[in-house]
Amino acid sequence: MEAYCVKCKQKREMKDPNAEFTAAGAPGTRGTCPVCGTTMFRMGNTPAHEGLEPPERPVRAKKETPRKGNLVIVESPAKARTIGRYLGKGYRVEASVGHIRDLLRSQLSVDVENDFTPKYRVPNEKRPLIKELRKLASQAENIYLATDLDREGEAIAWHLLEAAEIDPERAQRVVFPEITKQAIEEAFSHPRKINMDLVNAQQARRILDRLVGYSLSPILWRKVRNRLSAGRVQSVALRLIVEREREIENFIPTEYWSIEAEFLPEGGQTTFKAKLTRIDDEKFELGSEEQVRPVLADLEQAAYQVSEIKRGTRKRNAPVPYTTSTLQQEASRRLSFTARRTMALAQQLYEGISIDEEETVGLITYMRTDSTNVSPLAQEEARAYIAKRHGGEFLPKKAPTYKTKSKSAQEAHEAIRPTSVLRTPKKVKEHLTRDQYRLYQMIWQRFVASQMKAALYDTLRVFVTGKTDQHEYRLRASGSAIRFLGYLVVYQEARGEFESEENGDIANIPADLQEGQRQILKGLFPEQHFTQPPPRYSEATLVKAMEENGIGRPSTYAPTLSTLQNRGYVFRQERRLYPTETGVIVNDLLLDHFPEIVDIGFSARMEEDLDRIAHQHTEWVDVIRDFYEPFAEQVERANEEMPEMKAEPEYIGRECPTCGQGQLILRWGRFGKFISCERFPDCRHTEQYLEKIGVTCPEDGGELVERRTRKGRIFYGCANYPECEFTSWKKPLPAPCPHCQGTLVVMNKQSAQCLACETVTDLDQLQLEESGQ
């Protein structure tokens with residue numbers, strides 16, 4: 001065997017070679033140089049080593065680096081900054097910047113043959129962060145996982161523990177409903193271990209959604225078109241929208257009439273109106289003008305007197321504090337915010353706003369909740385504020401408690417409220433953006449109102465009886481007036497939240513009316529009506545329907561609405577949701593071949609199963625298996641039986657001005673139709689789709705078209721833009737102004753205004769003139 005002689009500085013044949021092992025257990029051969037006698041050594045295994053036992057490797061005592069300090073990990077940098085200021089020295093707060101690992105997007109990532117074992121992966125862009133967190137965790141004495149307090153936050157904490165290889169014995173979980181100094185100190189004084197039931201519930205949801213999405217979406221790609229998707233929650237929400245659209249399409253209006261009468265009390269000077277409610281003490285229906293005429297003729301001959309006066313009071317209870325769904329609904333009605341916009345702003349208010357150079361504070365409690373609970377400390381502070389600001393008469397004897405309506409409200413969360421009512425909207429306004437301020441003001445007012453007394457109204461009902469030889473008629477006038485403002489001193493509900501039984505102002509009814517008093521008929525006012533179809537869903541009403549039917553969770557409402565619009569299934573116009581042709585096709589195919597997936601009750605039942613995993617130690621694998629086995633059979637059948645419904649692209653007859661190779665076609669997006677190149681994604685040219693509204697431009701005679709701003713708001717402009725710059729936020733009407741023949745635009749539901757002479761015209765009168773009546 002040859003080896004290198006360090007003295008001779010060349011290779012020589014080794015003399016007296018002897019097989020041995022180094023102290024570390026590595027094989028080698030030792031001998032001497034035949035020329036100079038220097039010891040020679042060569043590493044490597046040889047046949048002479050066979051049968052020799054290597055020596056036991058000595059265990060070196062590792063020098064342990066003493067750990068010191070506290071590491072806190074949260075999701076977002078904003079939250080990290082706020083918490084860091086409260087904890088002070090000795091704590092290092094780092095942000096994971098959202099989810100640290102997830103299922104691979106390129107494959108199913110669920111081993112259905114091995115108890116649905118998920119295959120998680122840390123994205124490439126997160127690997128440097130994980131490496132840094134692993135290093136910091138190895139140096140810290142205590143590690144606190146302070147992610148959000150819901151199931152998703154619990155799962156993020158567990159993924160951090162796994163991905164960063166943190167010792168579970170040294171990791172502690174802290175949760176807090178609000179980011180304030182008191183809440184942070186309380187949470188860190190009572191840390192706990194990660195709750196694996198909550199983690200498994202979230203893990204089951206993620207795997208379930210992956211199995212549904214990655215099984216159904218490829219079928220839609222083959223049968224309809226690419227870039228489509230289906231999901232356990234989104235497909236049920238789509239069904240609600242499509243079925244509502246069909247209700248509207250199939251609705252047949254029914255004509256009906258109402259009759260009001262104007263009376264002057266005998267000896268009085270003020271008239272009032274009353275509505276006909278009964279004929280011969282029975283409810284009635286007047287379905288045509290022919291049926292109304294004889295009733296009017298008989299009413300003209302009747303003798304009238306006040307038969308009954310009812311005075312009373314009505315209580316209007318304070319509103320419940322916001323949950324995620326009611327916040328989204330109210331922000332949509334009151335502020336015209338989308339669900340996504342509302343949650344983004346609420347997240348900013350929760351994570352912390354810099355009040356001054358020294359203080360950053362979370363202004364509201366956690367914003368993903370379906371609970372209406374309020375902490376006793378917050379109630380005490382609110383009651384003290386109300387008593388000082390408005391007086392003790394506005395306080396109920398006991399702090400109110402509200403029952404959570406949601407059947408499956410998660411964990412012991414609180415309602416959405418300000419972290420301190422002493423931070424009034426006026427005090428923090430200068431530190432907030434316009435939209436942050438408007439949302440915070442709404443949350444603050446609603447919470448303070450929820451802790452106040454009910455409003456009280458005086459009510460008045462006057463019944464007038466008219467008698468003829470043939471019939472007896474009963475008419476009613478009603479109204480109400482505020483007696484005690486109660487919570488209304490700080491908060492007024494938006495339209496749609498509160499519907500009053502009283503339809504008038506008590507001031508419109510003469511105060512000196514008496515029972516038996518004769519009434520002089522001054523006029524009859526018949527009015528034609530038609531029954532109306534159910535309204536299309538807005539984002540607010542869809543969220544309400546999803547919550548009522550147990551579809552999804554507070555954390556899924558906004559993402560579901562965004563997905564439906566981004567996939568081109570639904571578009572939003574004038575704050576209403578319309579299904580596209582693609583959305584209708586996808587819904588019908590899923591309804592035919594996967595009826596259980598789009599069944600409204602199925603989603604609610606699955607949420608109950610997830611709750612059992614979170615709270616009753618149910619095995620998540622069993623829940624997934626019970627669902628997946630019949631579902632997999634449906635997928636196989638659908639692959640074979642589902643018909644192809646691929647729509648041909650709708651060409652508009654123009655070549656793409658960007659690439660010059662493709663033709664322009666119509667597509668659907670979140671704001672409706674738009675024009676793009678057929679070579680997408682190779683060519684990303686897009687244009688607005690200009691929909692003509694049948695009105696000529698008042699400036700150059702061109703066609704007026706519907707346009708959209710970058711944020712999706714509708715306005716109207718000339719098709720000849722930029723040569724003609726005419727625009728209007730209000731929709732122009734085809735009928736000309738009856739006074740000057742100028743262009744009319746819609747002012748509201750009742751009237752239109754001329755752009756030239758500014759005269760206001762009643763829309764009903766305009767329609768009568770158009771029909772020649």
# chains A, B, ... in the order shown; residues from 1 in each chain; ligands from 1
>>> residues_around(residues="stretch 393-402 of chain A", least_positions_apart="4", cutoff="6 Å", atoms="only C-alpha atoms", output="PyMOL selection string")
chain A and resi 452-453+486
>>> write_last_selection(atoms="all heavy atoms", output="PDB file, in the first residue's frame")
ATOM      1  N   MET A 452     -76.378  51.481  27.187  1.00  0.00           N
ATOM      2  CA  MET A 452     -77.294  52.531  27.637  1.00  0.00           C
ATOM      3  C   MET A 452     -78.732  52.023  27.689  1.00  0.00           C
ATOM      4  O   MET A 452     -79.049  50.923  27.232  1.00  0.00           O
ATOM      5  CB  MET A 452     -77.188  53.737  26.705  1.00  0.00           C
ATOM      6  CG  MET A 452     -75.802  54.366  26.704  1.00  0.00           C
ATOM      7  SD  MET A 452     -75.646  55.750  25.556  1.00  0.00           S
ATOM      8  CE  MET A 452     -76.509  57.027  26.455  1.00  0.00           C
ATOM      9  N   LYS A 453     -79.597  52.861  28.236  1.00  0.00           N
ATOM     10  CA  LYS A 453     -81.014  52.522  28.329  1.00  0.00           C
ATOM     11  C   LYS A 453     -81.675  52.547  26.960  1.00  0.00           C
ATOM     12  O   LYS A 453     -81.217  53.202  26.022  1.00  0.00           O
ATOM     13  CB  LYS A 453     -81.722  53.524  29.249  1.00  0.00           C
ATOM     14  CG  LYS A 453     -81.729  53.134  30.711  1.00  0.00           C
ATOM     15  CD  LYS A 453     -82.606  54.098  31.495  1.00  0.00           C
ATOM     16  CE  LYS A 453     -82.686  53.698  32.965  1.00  0.00           C
ATOM     17  NZ  LYS A 453     -83.493  54.664  33.736  1.00  0.00           N
ATOM     18  N   GLY A 486     -82.634  57.952  25.293  1.00  0.00           N
ATOM     19  CA  GLY A 486     -81.864  56.752  25.625  1.00  0.00           C
ATOM     20  C   GLY A 486     -80.592  56.661  24.798  1.00  0.00           C
ATOM     21  O   GLY A 486     -79.861  57.644  24.616  1.00  0.00           O
TER      22      GLY A 486
END
>>> select_by_dssp(residues="stretch 75-321 of chain A", states="alpha helix (DSSP H)", output="count of residues only")
104
>>> select_by_dssp(residues="stretch 492-710 of chain A", states="strand (DSSP E or B)", output="MDAnalysis selection string")
chainID A and resid 505 518:530 570:573 576:579 650:655 663:669 672:677 686:688 691:696 703:708
>>> residues_around(residues="A:Gly25", least_positions_apart="4", cutoff="9 Å", atoms="only C-alpha atoms", output="list in words")
Phe21, Pro54, Pro55, Glu56 and Arg57 of chain A
>>> atom_distance(atom1="atom CA of A:Ala604", atom2="atom CA of A:Asp115")
24.0 Å
>>> residues_around(residues="A:Thr369", least_positions_apart="2", cutoff="7 Å", atoms="only C-alpha atoms", output="JSON, numbers by chain")
{"A": [323, 324, 367, 371, 413, 415, 554]}
>>> residues_around(residues="A:Gln203", least_positions_apart="5", cutoff="12 Å", atoms="only C-alpha atoms", output="PyMOL selection string")
chain A and resi 102-103+110+116-120+151-156+158-159+196-198+208-210+610+613-614+619-621+623-624
>>> residues_around(residues="A:Asn45", least_positions_apart="2", cutoff="7 Å", atoms="only C-alpha atoms", output="NGL selection string")
:A and (27-28 or 49)
>>> closest_residue(among="A:Ile248, A:Ala137, A:Val745, A:Leu276", to="A:Pro535", atoms="only C-alpha atoms")
A:Ile248
>>> closest_residue(among="A:Phe726, A:Tyr91, A:Tyr628, A:Phe337", to="A:Arg575", atoms="only C-alpha atoms")
A:Phe337
>>> residues_around(residues="A:Gln492", least_positions_apart="3", cutoff="12 Å", atoms="only C-alpha atoms", output="PDB file with C-alpha atoms, in the first residue's frame")
ATOM      1  CA  ARG A 316     -86.617  50.546  21.335  1.00  0.00           C
ATOM      2  CA  ASN A 317     -83.841  48.487  22.866  1.00  0.00           C
ATOM      3  CA  ALA A 318     -80.179  49.376  22.558  1.00  0.00           C
ATOM      4  CA  PRO A 319     -78.284  47.543  19.792  1.00  0.00           C
ATOM      5  CA  GLU A 330     -73.193  47.993   8.972  1.00  0.00           C
ATOM      6  CA  ARG A 334     -73.434  53.106   6.392  1.00  0.00           C
ATOM      7  CA  MET A 442     -69.016  53.516  14.257  1.00  0.00           C
ATOM      8  CA  GLN A 445     -70.746  54.663  19.153  1.00  0.00           C
ATOM      9  CA  ARG A 446     -72.290  51.197  18.835  1.00  0.00           C
ATOM     10  CA  VAL A 448     -71.405  52.921  24.107  1.00  0.00           C
ATOM     11  CA  ALA A 449     -75.017  52.705  22.890  1.00  0.00           C
ATOM     12  CA  SER A 450     -75.141  48.996  23.803  1.00  0.00           C
ATOM     13  CA  ALA A 455     -85.273  54.728  23.814  1.00  0.00           C
ATOM     14  CA  LEU A 485     -83.741  59.422  23.724  1.00  0.00           C
ATOM     15  CA  GLY A 486     -81.864  56.752  25.625  1.00  0.00           C
ATOM     16  CA  TYR A 487     -79.072  55.258  23.520  1.00  0.00           C
ATOM     17  CA  LEU A 488     -80.166  57.338  20.499  1.00  0.00           C
ATOM     18  CA  VAL A 489     -78.258  60.230  22.034  1.00  0.00           C
ATOM     19  CA  ARG A 495     -81.690  51.952   7.374  1.00  0.00           C
ATOM     20  CA  GLY A 496     -82.633  48.303   7.437  1.00  0.00           C
ATOM     21  CA  GLU A 497     -81.576  47.678  11.050  1.00  0.00           C
ATOM     22  CA  PHE A 498     -84.758  48.925  12.668  1.00  0.00           C
TER      23      PHE A 498
END
